[in-house]
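Peer 1: The file below is entry_2.pdb, PDB, C-alpha atoms, pLDDT in the B column:
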ATOM      1  CA  MET A   1     -57.493 232.639  64.197  1.00 71.00           C
ATOM      2  CA  SER A   2     -58.172 229.750  66.522  1.00 78.00           C
ATOM      3  CA  ILE A   3     -56.802 226.237  66.299  1.00 81.00           C
ATOM      4  CA  SER A   4     -60.294 224.930  65.553  1.00 82.00           C
ATOM      5  CA  GLN A   5     -60.569 227.267  62.558  1.00 83.00           C
ATOM      6  CA  ILE A   6     -57.238 225.972  61.268  1.00 86.00           C
ATOM      7  CA  TYR A   7     -58.537 222.420  61.658  1.00 89.00           C
ATOM      8  CA  ASP A   8     -61.752 223.354  59.809  1.00 87.00           C
ATOM      9  CA  ILE A   9     -59.817 224.787  56.867  1.00 89.00           C
ATOM     10  CA  ALA A  10     -57.410 221.847  56.652  1.00 92.00           C
ATOM     11  CA  SER A  11     -60.159 219.243  57.017  1.00 92.00           C
ATOM     12  CA  SER A  12     -62.178 220.816  54.196  1.00 91.00           C
ATOM     13  CA  GLY A  13     -59.115 220.559  51.959  1.00 93.00           C
ATOM     14  CA  MET A  14     -58.523 216.960  52.986  1.00 95.00           C
ATOM     15  CA  ALA A  15     -62.136 215.998  52.277  1.00 94.00           C
ATOM     16  CA  ALA A  16     -62.024 217.654  48.852  1.00 95.00           C
ATOM     17  CA  GLN A  17     -58.779 215.911  47.910  1.00 96.00           C
ATOM     18  CA  ARG A  18     -60.085 212.559  49.176  1.00 96.00           C
ATOM     19  CA  LEU A  19     -63.064 212.858  46.834  1.00 96.00           C
ATOM     20  CA  ARG A  20     -60.726 213.840  44.000  1.00 96.00           C
ATOM     21  CA  VAL A  21     -58.622 210.707  44.604  1.00 97.00           C
ATOM     22  CA  GLN A  22     -61.779 208.566  44.581  1.00 97.00           C
ATOM     23  CA  LEU A  23     -62.822 210.060  41.230  1.00 97.00           C
ATOM     24  CA  ILE A  24     -59.358 209.464  39.766  1.00 97.00           C
ATOM     25  CA  ALA A  25     -59.455 205.840  40.930  1.00 97.00           C
ATOM     26  CA  SER A  26     -62.868 205.437  39.324  1.00 96.00           C
ATOM     27  CA  ASN A  27     -61.577 206.923  36.071  1.00 97.00           C
ATOM     28  CA  VAL A  28     -58.599 204.549  35.964  1.00 97.00           C
ATOM     29  CA  ALA A  29     -60.726 201.532  36.895  1.00 96.00           C
ATOM     30  CA  ASN A  30     -63.216 202.306  34.113  1.00 96.00           C
ATOM     31  CA  SER A  31     -60.718 203.290  31.420  1.00 94.00           C
ATOM     32  CA  GLU A  32     -61.741 200.257  29.318  1.00 93.00           C
ATOM     33  CA  THR A  33     -65.472 200.279  30.136  1.00 94.00           C
ATOM     34  CA  THR A  34     -67.426 200.342  26.900  1.00 93.00           C
ATOM     35  CA  ARG A  35     -70.914 199.911  28.334  1.00 92.00           C
ATOM     36  CA  THR A  36     -72.476 201.677  31.329  1.00 92.00           C
ATOM     37  CA  LYS A  37     -75.982 201.574  32.742  1.00 92.00           C
ATOM     38  CA  GLU A  38     -76.522 205.078  31.285  1.00 87.00           C
ATOM     39  CA  GLY A  39     -75.551 203.729  27.870  1.00 87.00           C
ATOM     40  CA  GLY A  40     -72.303 204.086  25.979  1.00 90.00           C
ATOM     41  CA  PRO A  41     -68.756 204.162  27.290  1.00 95.00           C
ATOM     42  CA  PHE A  42     -67.739 205.495  30.690  1.00 96.00           C
ATOM     43  CA  ARG A  43     -67.184 209.264  30.833  1.00 95.00           C
ATOM     44  CA  ARG A  44     -64.289 210.706  32.812  1.00 96.00           C
ATOM     45  CA  ARG A  45     -65.342 212.534  35.992  1.00 96.00           C
ATOM     46  CA  ASP A  46     -63.546 215.319  37.844  1.00 96.00           C
ATOM     47  CA  ALA A  47     -64.312 217.475  40.887  1.00 95.00           C
ATOM     48  CA  VAL A  48     -64.853 221.224  40.613  1.00 95.00           C
ATOM     49  CA  PHE A  49     -63.698 223.062  43.738  1.00 94.00           C
ATOM     50  CA  GLN A  50     -65.046 226.345  45.067  1.00 90.00           C
ATOM     51  CA  ALA A  51     -64.063 228.622  47.954  1.00 86.00           C
ATOM     52  CA  GLN A  52     -66.358 228.270  50.943  1.00 81.00           C
ATOM     53  CA  ASP A  53     -67.175 230.824  53.615  1.00 77.00           C
ATOM     54  CA  LEU A  54     -66.773 229.407  57.117  1.00 69.00           C
ATOM     55  CA  GLY A  55     -68.057 232.548  58.783  1.00 69.00           C
ATOM     56  CA  PHE A  56     -64.633 234.034  59.491  1.00 62.00           C
ATOM     57  CA  SER A  57     -63.967 237.724  59.068  1.00 64.00           C
ATOM     58  CA  GLY A  58     -60.993 239.316  57.365  1.00 63.00           C
ATOM     59  CA  ALA A  59     -58.560 237.889  54.836  1.00 60.00           C
ATOM     60  CA  LEU A  60     -59.481 234.250  55.520  1.00 61.00           C
ATOM     61  CA  ALA A  61     -63.233 234.666  55.078  1.00 59.00           C
ATOM     62  CA  ASN A  62     -63.269 232.217  52.136  1.00 60.00           C
ATOM     63  CA  ALA A  63     -60.329 230.098  53.242  1.00 75.00           C
ATOM     64  CA  SER A  64     -61.870 226.643  52.997  1.00 83.00           C
ATOM     65  CA  VAL A  65     -62.833 224.599  49.974  1.00 89.00           C
ATOM     66  CA  ARG A  66     -65.880 222.616  48.990  1.00 88.00           C
ATOM     67  CA  VAL A  67     -66.767 220.480  46.010  1.00 91.00           C
ATOM     68  CA  ALA A  68     -69.117 222.597  43.901  1.00 93.00           C
ATOM     69  CA  ALA A  69     -69.831 219.905  41.334  1.00 95.00           C
ATOM     70  CA  ILE A  70     -68.631 216.691  39.797  1.00 96.00           C
ATOM     71  CA  ARG A  71     -68.067 217.419  36.130  1.00 96.00           C
ATOM     72  CA  THR A  72     -68.449 214.746  33.469  1.00 94.00           C
ATOM     73  CA  SER A  73     -66.149 215.032  30.464  1.00 93.00           C
ATOM     74  CA  ASP A  74     -67.612 215.845  27.059  1.00 92.00           C
ATOM     75  CA  GLU A  75     -64.439 214.831  25.216  1.00 92.00           C
ATOM     76  CA  PRO A  76     -64.957 212.517  22.244  1.00 94.00           C
ATOM     77  CA  PHE A  77     -64.455 208.823  22.808  1.00 95.00           C
ATOM     78  CA  LEU A  78     -61.526 206.837  21.456  1.00 94.00           C
ATOM     79  CA  THR A  79     -62.529 204.436  18.713  1.00 95.00           C
ATOM     80  CA  ARG A  80     -61.007 201.094  17.773  1.00 95.00           C
ATOM     81  CA  TYR A  81     -61.845 198.692  15.003  1.00 96.00           C
ATOM     82  CA  GLU A  82     -62.850 195.478  16.780  1.00 94.00           C
ATOM     83  CA  PRO A  83     -65.597 193.762  14.777  1.00 93.00           C
ATOM     84  CA  GLY A  84     -65.862 190.796  17.218  1.00 92.00           C
ATOM     85  CA  HIS A  85     -66.469 192.993  20.284  1.00 93.00           C
ATOM     86  CA  PRO A  86     -70.017 192.788  21.709  1.00 92.00           C
ATOM     87  CA  ASP A  87     -70.260 196.617  21.813  1.00 92.00           C
ATOM     88  CA  ALA A  88     -69.083 197.165  18.234  1.00 92.00           C
ATOM     89  CA  ASN A  89     -71.357 199.180  15.972  1.00 93.00           C
ATOM     90  CA  ALA A  90     -72.439 198.065  12.504  1.00 93.00           C
ATOM     91  CA  ASP A  91     -69.031 199.113  11.097  1.00 94.00           C
ATOM     92  CA  GLY A  92     -67.152 197.063  13.729  1.00 94.00           C
ATOM     93  CA  VAL A  93     -65.987 200.156  15.635  1.00 95.00           C
ATOM     94  CA  VAL A  94     -65.995 200.205  19.453  1.00 95.00           C
ATOM     95  CA  SER A  95     -66.015 203.454  21.456  1.00 95.00           C
ATOM     96  CA  TYR A  96     -63.756 203.558  24.525  1.00 96.00           C
ATOM     97  CA  PRO A  97     -63.486 206.222  27.242  1.00 96.00           C
ATOM     98  CA  ASN A  98     -61.029 209.007  26.479  1.00 92.00           C
ATOM     99  CA  ILE A  99     -59.048 208.513  29.702  1.00 95.00           C
ATOM    100  CA  ASN A 100     -55.299 209.031  29.644  1.00 94.00           C
ATOM    101  CA  PRO A 101     -53.712 206.968  32.443  1.00 94.00           C
ATOM    102  CA  THR A 102     -50.671 209.277  32.512  1.00 95.00           C
ATOM    103  CA  ASP A 103     -52.850 212.341  33.097  1.00 95.00           C
ATOM    104  CA  GLU A 104     -54.752 210.492  35.798  1.00 96.00           C
ATOM    105  CA  MET A 105     -51.526 209.538  37.582  1.00 97.00           C
ATOM    106  CA  VAL A 106     -50.322 213.160  37.464  1.00 97.00           C
ATOM    107  CA  ASN A 107     -53.659 214.259  38.926  1.00 96.00           C
ATOM    108  CA  LEU A 108     -53.381 211.546  41.588  1.00 97.00           C
ATOM    109  CA  THR A 109     -49.909 212.749  42.575  1.00 97.00           C
ATOM    110  CA  GLU A 110     -51.160 216.338  42.784  1.00 96.00           C
ATOM    111  CA  ALA A 111     -54.146 215.356  44.916  1.00 96.00           C
ATOM    112  CA  SER A 112     -51.964 213.248  47.204  1.00 96.00           C
ATOM    113  CA  ARG A 113     -49.520 216.106  47.714  1.00 97.00           C
ATOM    114  CA  ALA A 114     -52.353 218.540  48.476  1.00 95.00           C
ATOM    115  CA  TYR A 115     -53.754 216.061  51.002  1.00 96.00           C
ATOM    116  CA  GLU A 116     -50.314 215.711  52.601  1.00 97.00           C
ATOM    117  CA  ALA A 117     -49.977 219.512  52.771  1.00 96.00           C
ATOM    118  CA  ASN A 118     -53.233 219.692  54.721  1.00 94.00           C
ATOM    119  CA  ILE A 119     -51.974 216.984  57.078  1.00 96.00           C
ATOM    120  CA  ALA A 120     -48.842 219.091  57.633  1.00 96.00           C
ATOM    121  CA  VAL A 121     -51.050 222.064  58.553  1.00 93.00           C
ATOM    122  CA  VAL A 122     -52.928 219.957  61.112  1.00 93.00           C
ATOM    123  CA  ARG A 123     -49.678 218.675  62.591  1.00 95.00           C
ATOM    124  CA  SER A 124     -48.256 222.208  62.797  1.00 93.00           C
ATOM    125  CA  ALA A 125     -51.402 223.519  64.476  1.00 91.00           C
ATOM    126  CA  LYS A 126     -51.257 220.640  66.957  1.00 92.00           C
ATOM    127  CA  ALA A 127     -47.586 221.403  67.699  1.00 92.00           C
ATOM    128  CA  MET A 128     -48.407 225.095  68.249  1.00 90.00           C
ATOM    129  CA  ALA A 129     -51.245 224.210  70.610  1.00 88.00           C
ATOM    130  CA  THR A 130     -49.000 221.816  72.501  1.00 89.00           C
ATOM    131  CA  SER A 131     -46.284 224.485  72.770  1.00 89.00           C
ATOM    132  CA  ALA A 132     -48.797 227.031  74.036  1.00 86.00           C
ATOM    133  CA  LEU A 133     -50.015 224.601  76.689  1.00 87.00           C
ATOM    134  CA  GLU A 134     -46.424 223.874  77.680  1.00 86.00           C
ATOM    135  CA  ILE A 135     -45.762 227.613  78.123  1.00 87.00           C
ATOM    136  CA  LEU A 136     -48.853 227.927  80.321  1.00 82.00           C
ATOM    137  CA  ARG A 137     -47.838 224.887  82.337  1.00 80.00           C
ATOM    138  CA  VAL A 138     -44.360 226.301  83.073  1.00 70.00           C
ATOM    139  CA  GLN A 139     -45.713 229.589  84.396  1.00 64.00           C
TER     140      GLN A 139
END
Rewrite the coordinates I just gave you, this time as C-alpha coordinates.
Peer 2:
Amino acid sequence: MSISQIYDIASSGMAAQRLRVQLIASNVANSETTRTKEGGPFRRRDAVFQAQDLGFSGALANASVRVAAIRTSDEPFLTRYEPGHPDANADGVVSYPNINPTDEMVNLTEASRAYEANIAVVRSAKAMATSALEILRVQ
(Lines of atoms letter the chains of each structure in order from A and count residues from 1; the text may use other names and numbers.)
(Lines give C-alpha, C1' and ligand atoms only; values in the text may rest on other atoms or scores of the structure.)
Protein backbone atom coordinates (compact mmCIF):
# COMPACT_ATOMS: atom_id res chain seq x y z
CA MET A 1 0.00 0.00 0.00
CA SER A 2 1.36 3.40 -0.91
CA ILE A 3 1.42 6.51 1.23
CA SER A 4 -1.06 8.17 -1.12
CA GLN A 5 -3.52 5.31 -0.60
CA ILE A 6 -3.19 5.74 3.16
CA TYR A 7 -3.88 9.45 2.75
CA ASP A 8 -6.93 8.67 0.57
CA ILE A 9 -8.39 6.34 3.19
CA ALA A 10 -7.75 8.73 6.09
CA SER A 11 -9.06 11.76 4.20
CA SER A 12 -12.30 9.96 3.33
CA GLY A 13 -12.80 9.23 7.02
CA MET A 14 -12.04 12.82 7.96
CA ALA A 15 -14.50 14.18 5.40
CA ALA A 16 -17.24 11.82 6.62
CA GLN A 17 -16.69 12.77 10.26
CA ARG A 18 -16.60 16.48 9.40
CA LEU A 19 -20.04 16.17 7.80
CA ARG A 20 -21.26 14.23 10.83
CA VAL A 21 -20.08 17.03 13.15
CA GLN A 22 -21.87 19.60 10.96
CA LEU A 23 -25.11 17.60 11.19
CA ILE A 24 -24.78 17.29 14.97
CA ALA A 25 -24.24 21.05 15.26
CA SER A 26 -27.32 21.64 13.14
CA ASN A 27 -29.35 19.30 15.33
CA VAL A 28 -28.29 21.07 18.53
CA ALA A 29 -28.85 24.53 17.02
CA ASN A 30 -32.38 23.58 15.93
CA SER A 31 -33.40 21.64 19.03
CA GLU A 32 -36.07 24.27 19.84
CA THR A 33 -37.15 25.03 16.25
CA THR A 34 -40.90 24.59 16.00
CA ARG A 35 -41.38 25.88 12.46
CA THR A 36 -39.33 25.09 9.35
CA LYS A 37 -39.80 26.06 5.73
CA GLU A 38 -40.93 22.46 5.05
CA GLY A 39 -43.58 22.86 7.74
CA GLY A 40 -43.62 21.58 11.29
CA PRO A 41 -40.76 21.21 13.74
CA PHE A 42 -37.16 20.50 12.77
CA ARG A 43 -36.34 16.82 12.26
CA ARG A 44 -33.06 15.39 13.52
CA ARG A 45 -30.59 14.49 10.74
CA ASP A 46 -27.80 11.92 10.78
CA ALA A 47 -25.28 10.63 8.24
CA VAL A 48 -25.35 7.05 6.97
CA PHE A 49 -21.86 5.78 6.12
CA GLN A 50 -20.98 3.13 3.56
CA ALA A 51 -17.74 1.40 2.56
CA GLN A 52 -16.29 2.76 -0.66
CA ASP A 53 -14.07 1.02 -3.18
CA LEU A 54 -10.99 3.08 -4.04
CA GLY A 55 -9.80 0.63 -6.66
CA PHE A 56 -7.37 -1.21 -4.40
CA SER A 57 -6.99 -4.96 -4.54
CA GLY A 58 -6.85 -7.34 -1.61
CA ALA A 59 -8.04 -6.92 1.96
CA LEU A 60 -8.31 -3.11 1.76
CA ALA A 61 -10.45 -3.00 -1.38
CA ASN A 62 -13.31 -1.28 0.50
CA ALA A 63 -11.18 0.52 3.06
CA SER A 64 -12.53 4.05 2.69
CA VAL A 65 -15.85 5.51 3.71
CA ARG A 66 -18.40 7.70 2.01
CA VAL A 67 -21.66 9.25 3.10
CA ALA A 68 -24.39 7.14 1.50
CA ALA A 69 -27.27 9.29 2.69
CA ILE A 70 -28.40 11.85 5.20
CA ARG A 71 -31.23 10.26 7.13
CA THR A 72 -34.03 12.32 8.65
CA SER A 73 -35.50 11.02 11.89
CA ASP A 74 -39.07 9.73 11.95
CA GLU A 75 -39.25 9.79 15.75
CA PRO A 76 -42.35 11.45 17.20
CA PHE A 77 -42.04 15.05 18.29
CA LEU A 78 -42.04 16.19 21.90
CA THR A 79 -45.18 18.07 22.85
CA ARG A 80 -45.64 20.83 25.40
CA TYR A 81 -48.73 22.68 26.50
CA GLU A 82 -48.04 26.32 25.64
CA PRO A 83 -51.30 27.98 24.59
CA GLY A 84 -49.65 31.41 24.00
CA HIS A 85 -47.03 30.06 21.57
CA PRO A 86 -47.52 31.15 17.93
CA ASP A 87 -47.11 27.53 16.74
CA ALA A 88 -49.59 26.03 19.21
CA ASN A 89 -52.42 23.97 17.76
CA ALA A 90 -56.08 24.46 18.65
CA ASP A 91 -55.54 22.59 21.95
CA GLY A 92 -52.58 24.83 22.90
CA VAL A 93 -50.01 22.08 22.30
CA VAL A 94 -46.69 22.87 20.58
CA SER A 95 -44.59 20.18 18.87
CA TYR A 96 -40.82 20.38 19.42
CA PRO A 97 -38.03 18.36 17.79
CA ASN A 98 -37.18 15.12 19.56
CA ILE A 99 -33.49 15.97 19.95
CA ASN A 100 -31.67 14.85 23.08
CA PRO A 101 -28.71 17.19 23.71
CA THR A 102 -26.92 14.48 25.73
CA ASP A 103 -27.11 12.02 22.84
CA GLU A 104 -25.89 14.69 20.45
CA MET A 105 -22.90 15.47 22.67
CA VAL A 106 -22.00 11.77 22.87
CA ASN A 107 -22.22 11.57 19.07
CA LEU A 108 -20.08 14.71 18.79
CA THR A 109 -17.41 13.21 21.05
CA GLU A 110 -17.42 10.00 19.00
CA ALA A 111 -17.12 11.90 15.72
CA SER A 112 -14.33 14.07 17.10
CA ARG A 113 -12.38 11.03 18.27
CA ALA A 114 -12.80 9.31 14.89
CA TYR A 115 -11.56 12.48 13.17
CA GLU A 116 -8.56 12.60 15.51
CA ALA A 117 -7.81 8.93 14.79
CA ASN A 118 -7.67 9.71 11.07
CA ILE A 119 -5.32 12.62 11.77
CA ALA A 120 -3.09 10.21 13.70
CA VAL A 121 -3.01 7.90 10.66
CA VAL A 122 -1.94 10.79 8.42
CA ARG A 123 0.77 11.82 10.88
CA SER A 124 2.04 8.23 11.14
CA ALA A 125 2.13 7.85 7.36
CA LYS A 126 4.02 11.14 7.09
CA ALA A 127 6.52 9.97 9.74
CA MET A 128 7.03 6.67 7.88
CA ALA A 129 7.61 8.49 4.60
CA THR A 130 10.06 10.84 6.28
CA SER A 131 11.91 7.89 7.84
CA ALA A 132 12.09 6.12 4.49
CA LEU A 133 13.53 9.24 2.86
CA GLU A 134 16.04 9.57 5.69
CA ILE A 135 17.17 5.96 5.14
CA LEU A 136 17.63 6.64 1.42
CA ARG A 137 19.52 9.84 2.15
CA VAL A 138 22.00 8.07 4.46
CA GLN A 139 22.87 5.41 1.90
Peer 1: Let me know the residues the PyMOL selection byres ((chain A and resi 108-114) around 7) catches in the file above, as a list of chain:residue names.
Peer 2: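 The output of the PyMOL selection byres ((chain A and resi 108-114) around 7) on this file is A:Gln17, A:Arg20, A:Val21, A:Ile24, A:Glu104, A:Met105, A:Val106, A:Asn107, A:Tyr115, A:Glu116, A:Ala117, A:Asn118.
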Peer 1: Taking the file as shown, what set of residues would the PyMOL selection byres ((chain A and resi 4) around 12) give back, as an mmCIF file with C-alpha atoms, keeping the file's coordinate frame?
Peer 2:
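Saved as part39.cif:
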data_model
loop_
_atom_site.group_PDB
_atom_site.id
_atom_site.type_symbol
_atom_site.label_atom_id
_atom_site.label_comp_id
_atom_site.auth_asym_id
_atom_site.auth_seq_id
_atom_site.Cartn_x
_atom_site.Cartn_y
_atom_site.Cartn_z
ATOM 1 C CA MET A 1 -57.493 232.639 64.197
ATOM 2 C CA SER A 2 -58.172 229.750 66.522
ATOM 3 C CA ILE A 3 -56.802 226.237 66.299
ATOM 4 C CA GLN A 5 -60.569 227.267 62.558
ATOM 5 C CA ILE A 6 -57.238 225.972 61.268
ATOM 6 C CA TYR A 7 -58.537 222.420 61.658
ATOM 7 C CA ASP A 8 -61.752 223.354 59.809
ATOM 8 C CA ILE A 9 -59.817 224.787 56.867
ATOM 9 C CA ALA A 10 -57.410 221.847 56.652
ATOM 10 C CA SER A 11 -60.159 219.243 57.017
ATOM 11 C CA LEU A 54 -66.773 229.407 57.117
ATOM 12 C CA PHE A 56 -64.633 234.034 59.491
ATOM 13 C CA VAL A 121 -51.050 222.064 58.553
ATOM 14 C CA VAL A 122 -52.928 219.957 61.112
ATOM 15 C CA ALA A 125 -51.402 223.519 64.476
ATOM 16 C CA LYS A 126 -51.257 220.640 66.957
ATOM 17 C CA ALA A 129 -51.245 224.210 70.610
#
Peer 1: Skip Ala16 in chain A itself and residues of its chain fewer than 4 positions away, then list as a list of chain:residue names all residues within 8 Å of it, counting all atoms listed in the file.
Peer 2: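 Once the nearby chain positions are removed, what remains is A:Ser12, A:Arg20, A:Phe49, A:Val65, A:Arg66, A:Val67.
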Peer 1: Which neighbours of Val48 in chain A fall inside 7 Å, counting only C-alpha atoms, when residues of the same chain fewer than 6 positions from it are skipped, and could you give them as a list in words?
Peer 2: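 Result of the neighbour search: Val67, Ala68, Ala69, Ile70 and Arg71 of chain A.
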Peer 1: Could you write those residues out with C-alpha atoms, as a PDB file, in the coordinates of the input?
Peer 2:
ATOM      1  CA  VAL A  67     -66.767 220.480  46.010  1.00 91.00           C
ATOM      2  CA  ALA A  68     -69.117 222.597  43.901  1.00 93.00           C
ATOM      3  CA  ALA A  69     -69.831 219.905  41.334  1.00 95.00           C
ATOM      4  CA  ILE A  70     -68.631 216.691  39.797  1.00 96.00           C
ATOM      5  CA  ARG A  71     -68.067 217.419  36.130  1.00 96.00           C
TER       6      ARG A  71
END
Peer 1: By how many Å are CA of Asp103 in chain A and CA of Met14 in chain A apart?
Peer 2: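 Atom-to-atom, CA of Asp103 in chain A and CA of Met14 in chain A are spaced 21.2 Å apart.
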Peer 1: Just give me the gap between CA of Gly92 in chain A and CA of Thr34 in chain A in Å, one decimal is fine.
Peer 2: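 Distance between the two atoms: 13.6 Å.
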Peer 1: Would you work out the distance separating CA of Ala120 in chain A from CA of Ala29 in chain A, expressed in Å to one decimal?
Peer 2: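 We find that CA of Ala120 in chain A and CA of Ala29 in chain A lie 29.7 Å from each other.
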Peer 1: Could you tell me, as a ChimeraX atom specification, exactly which residues end up selected when the PyMOL selection byres ((chain A and resi 79) around 10) is applied to this structure?
Peer 2: /A:76-78,80-82,88,93-98
Peer 1: Report, as AutoDock Vina command-line options, the axis-aligned box around all atoms of range 10-22 of chain A present in the file, extended by 3 Å on each side; give centre and edge lengths in Å to one decimal place.
Peer 2:
--center_x -60.2 --center_y 215.2 --center_z 50.5 --size_x 11.7 --size_y 19.3 --size_z 19.0
Peer 1: As a count of residues only, please: the residues near Ala63 in chain A (cut-off 7 Å, only C-alpha atoms, same-chain neighbours under 5 positions excluded).
Peer 2: 4
Peer 1: I'd like to know which of A:Thr36, A:Asn89, A:Asn27, A:Gln50 is closest to Ser73 in chain A, using all atoms listed in the file.
Peer 2: A:Asn27
